[in-house]
Amino acid sequence: MLDIRLKKVQGNFTVETAFVSDGAGVTALFGHSGAGKTSVINMLAGLTRPDAGHIMVNDHCVFDAEKVIDIPPEKRRFGYVFQDGRLFPHLSVRANLTYGMKRVRPRDRYIRFDQVVDLLGIGHLLTRHPATLSGGEKQRVAIGRSLLTSPVLLLMDEPLASLDAARKTEVLPFIARLSGELSVPILYVSHSVDEILNLADTLVFLSGGKSVAVGSVEAVTARNDFQRLTGRTEAGVVLSTAVESHDLSAGLTRLRFSGGVLSVPRVEIPAGDTVRVRIHPRNVGIALEPFPRASFQNIFQGTVEEITDPCDGTLVDVRLDIGAPLIATITPQARQELDLNPGTPVYAMIKSVSISLGSSFNGNHHR
Ligand SMILES: Nc1ncnc2c1ncn2[C@@H]1O[C@H](COP(=O)(O)OP(=O)(O)OP(=O)(O)O)[C@@H](O)[C@H]1O
């Protein structure tokens with residue numbers, strides 16, 4: 001559990017953020033360049049001192065301005081994973097992994113060597129040296145080294161930023177497994193919408209030093225302004241679903257969510273597991289009548305909840321309630337023709353969904 005409230009004036013830039021997240025999930029600190037992410041991380045790590053506020057991790061206070069508590073960085077027992085793995089080049093992978101572990105008192109160790117090696121799939125690399133590893137392998141070892149210090153909080157600062165797209169895709173599912181399987185809370189910093197929507201349970205959107213949107217990833221992505229905050233092309237509403245069944249002959253998987261059942265192209269995830277899907281607003285169509293012979297698999301009845309029309313001829317965001325929130329992006333002309341207003345009953349047609357990469361490993365931590 002994280003309970004964080006921070007204020008700091010740095011020149012003419014003020015950081016003021018507050019967020020609480022339950023359990024051991026991934027809290028993503030997200031924002032564009034210059035939003036204040038590094039400033040927040042530095043305060044959490046104890047590298048800079050907030051002017052006001054507190055930092056609580058699992059009911060353990062590491063900073064409180066009023067109570068004059070300020071635990072030094074090395075005693076906070078936080079783990080760090082940076083953009084560049086920063087492995088020791090002269091040590092083997094095994095020695096890199098055990099480096100920090102030896103400094104942790106045995107009674108404070110709650111993560112085992114074998115567990116980490118298994119989880120990160122690095123057993124075959126133990127005798128190798130960092131120079132012989134790929135970028136993705138280096139990052140997995142760096143994550144392992146950090147975990148083996150049995151941290152109470154793992155701070156990951158753009159851990160995938162130096163990797164190419166293929167390596168990112170390789171490492172992301174490993175990160176998705178961490179907090180669920182090891183019960184370690186993770187604070188994940190990134191400016192990549194793609195990464196955070198795959199990984200985050202709680203989302204903290206920073207802008208100009210302020211946390212302008214905080215909540216579960218499902219709730220924050222369902223806000224009409226989220227698309228604009230993040231840049232229209234990237235985001236999408238996130239829904240948590242459970243695999244209901246597979247239809248082998250049709251090549252489909254049925255995913256149950258609070259609004260019904262979504263049919264998606266077959267995914268190799270066992271029935272009962274949770275799967276996070278993203279639905280991009282451009283892939284949602286709105287109709288006033290049902291289409292009995294449509295090619296769409298996924299048509300849901302619902303109502304219009306909120307319309308954000310910039311009134312400048314650009315696209316209009318329409319939030320729908322289909323038993324779950326959904327956002328459709330339509331042209332102003334379509335809005336006019338359909339005469340859409342809050343409360344209008346509609347049919348939402350979902351053209352395609354993307355399955356979160358983190359889901360491909362039993363993503364049960366994705367609540
Ligand atoms: N010590 C300081 N004194 C004055 N201004 C500062 C100081 N440190 C950071 N800033 C300013 O605070 C703002 C936020 O910086 P920060 O590095 O936290 O952003 P960021 O979100 O991490 O950006 P990026 O993604 O580019 O790393 C910037 O405008 C920066 O110039």
# chains A, B, ... in the order shown; residues from 1 in each chain; ligands from 1
>>> residues_near_ligand(ligand="ligand 1", cutoff="6 Å", atoms="only C-alpha atoms and all ligand atoms", output="list in words")
Gln10, Gly11, Phe13, His32, Ser33, Gly34, Ala35, Gly36, Lys37, Thr38 and Ser39 of chain A
>>> write_last_selection(atoms="N, CA and C atoms", output="PDB file, in the first residue's frame")
ATOM      1  N   GLN A  10      10.497  24.032  -6.708  1.00  0.00           N
ATOM      2  CA  GLN A  10      11.847  23.996  -7.312  1.00  0.00           C
ATOM      3  C   GLN A  10      11.918  25.151  -8.301  1.00  0.00           C
ATOM      4  N   GLY A  11      12.563  26.229  -7.947  1.00  0.00           N
ATOM      5  CA  GLY A  11      12.573  27.406  -8.825  1.00  0.00           C
ATOM      6  C   GLY A  11      11.140  27.843  -9.064  1.00  0.00           C
ATOM      7  N   PHE A  13       8.931  25.971 -10.570  1.00  0.00           N
ATOM      8  CA  PHE A  13       8.144  24.755 -10.825  1.00  0.00           C
ATOM      9  C   PHE A  13       7.748  24.149  -9.474  1.00  0.00           C
ATOM     10  N   HIS A  32       3.951  13.689 -19.503  1.00  0.00           N
ATOM     11  CA  HIS A  32       4.849  14.054 -20.595  1.00  0.00           C
ATOM     12  C   HIS A  32       6.175  14.564 -20.018  1.00  0.00           C
ATOM     13  N   SER A  33       7.101  14.788 -20.906  1.00  0.00           N
ATOM     14  CA  SER A  33       8.411  15.274 -20.488  1.00  0.00           C
ATOM     15  C   SER A  33       8.252  16.594 -19.726  1.00  0.00           C
ATOM     16  N   GLY A  34       8.928  16.683 -18.589  1.00  0.00           N
ATOM     17  CA  GLY A  34       8.866  17.912 -17.804  1.00  0.00           C
ATOM     18  C   GLY A  34       7.672  17.981 -16.864  1.00  0.00           C
ATOM     19  N   ALA A  35       6.886  16.898 -16.773  1.00  0.00           N
ATOM     20  CA  ALA A  35       5.683  16.900 -15.934  1.00  0.00           C
ATOM     21  C   ALA A  35       6.026  16.821 -14.447  1.00  0.00           C
ATOM     22  N   GLY A  36       7.222  16.320 -14.139  1.00  0.00           N
ATOM     23  CA  GLY A  36       7.636  16.243 -12.740  1.00  0.00           C
ATOM     24  C   GLY A  36       7.857  14.827 -12.228  1.00  0.00           C
ATOM     25  N   LYS A  37       7.935  13.864 -13.116  1.00  0.00           N
ATOM     26  CA  LYS A  37       8.067  12.455 -12.710  1.00  0.00           C
ATOM     27  C   LYS A  37       9.376  12.221 -11.940  1.00  0.00           C
ATOM     28  N   THR A  38      10.480  12.722 -12.534  1.00  0.00           N
ATOM     29  CA  THR A  38      11.779  12.512 -11.877  1.00  0.00           C
ATOM     30  C   THR A  38      11.817  13.228 -10.533  1.00  0.00           C
ATOM     31  N   SER A  39      11.199  14.401 -10.474  1.00  0.00           N
ATOM     32  CA  SER A  39      11.175  15.131  -9.202  1.00  0.00           C
ATOM     33  C   SER A  39      10.484  14.295  -8.125  1.00  0.00           C
TER      34      SER A  39
END
>>> residues_around(residues="Asn283 in chain A", least_positions_apart="3", cutoff="6 Å", atoms="only C-alpha atoms", output="PyMOL selection string")
chain A and resi 280+350-352
>>> write_last_selection(atoms="N, CA and C atoms", output="mmCIF file, in the first residue's frame")
data_model
loop_
_atom_site.group_PDB
_atom_site.id
_atom_site.type_symbol
_atom_site.label_atom_id
_atom_site.label_comp_id
_atom_site.auth_asym_id
_atom_site.auth_seq_id
_atom_site.Cartn_x
_atom_site.Cartn_y
_atom_site.Cartn_z
ATOM 1 N N HIS A 280 -9.761 1.168 -28.275
ATOM 2 C CA HIS A 280 -9.461 2.514 -28.733
ATOM 3 C C HIS A 280 -10.748 3.198 -29.206
ATOM 4 N N ILE A 350 -18.105 -2.485 -31.326
ATOM 5 C CA ILE A 350 -16.653 -2.478 -31.075
ATOM 6 C C ILE A 350 -15.975 -3.230 -32.206
ATOM 7 N N LYS A 351 -15.147 -2.490 -32.962
ATOM 8 C CA LYS A 351 -14.552 -3.102 -34.151
ATOM 9 C C LYS A 351 -13.344 -3.955 -33.804
ATOM 10 N N SER A 352 -12.545 -3.505 -32.876
ATOM 11 C CA SER A 352 -11.414 -4.353 -32.482
ATOM 12 C C SER A 352 -10.957 -3.964 -31.082
#
>>> closest_residue(among="A:Pro89, A:Gly100, A:Pro50, A:Gly121", to="Pro173 in chain A", atoms="only C-alpha atoms")
A:Gly121
>>> residues_around(residues="Thr27 in chain A", least_positions_apart="5", cutoff="8 Å", atoms="only C-alpha atoms", output="VMD selection string")
chain A and resid 21 185 to 188 200 to 204
>>> closest_residue(among="A:Asp108, A:Leu197, A:Glu66, A:Gln336", to="Thr221 in chain A", atoms="only C-alpha atoms")
A:Leu197
>>> atom_distance(atom1="CA of Leu120 in chain A", atom2="CA of Met43 in chain A")
28.8 Å
>>> residues_around(residues="Thr17 in chain A", least_positions_apart="4", cutoff="12 Å", atoms="only C-alpha atoms", output="number ranges by chain")
A: 3-9, 29, 35-37, 39-41, 43-44, 50, 52-55, 204-214
>>> closest_residue(among="A:Pro106, A:Ile299, A:Leu199, A:Arg76", to="Gly180 in chain A", atoms="only C-alpha atoms")
A:Leu199
>>> select_by_dssp(residues="range 31-71 of chain A", states="alpha helix (DSSP H)", output="PyMOL selection string")
chain A and resi 37-45
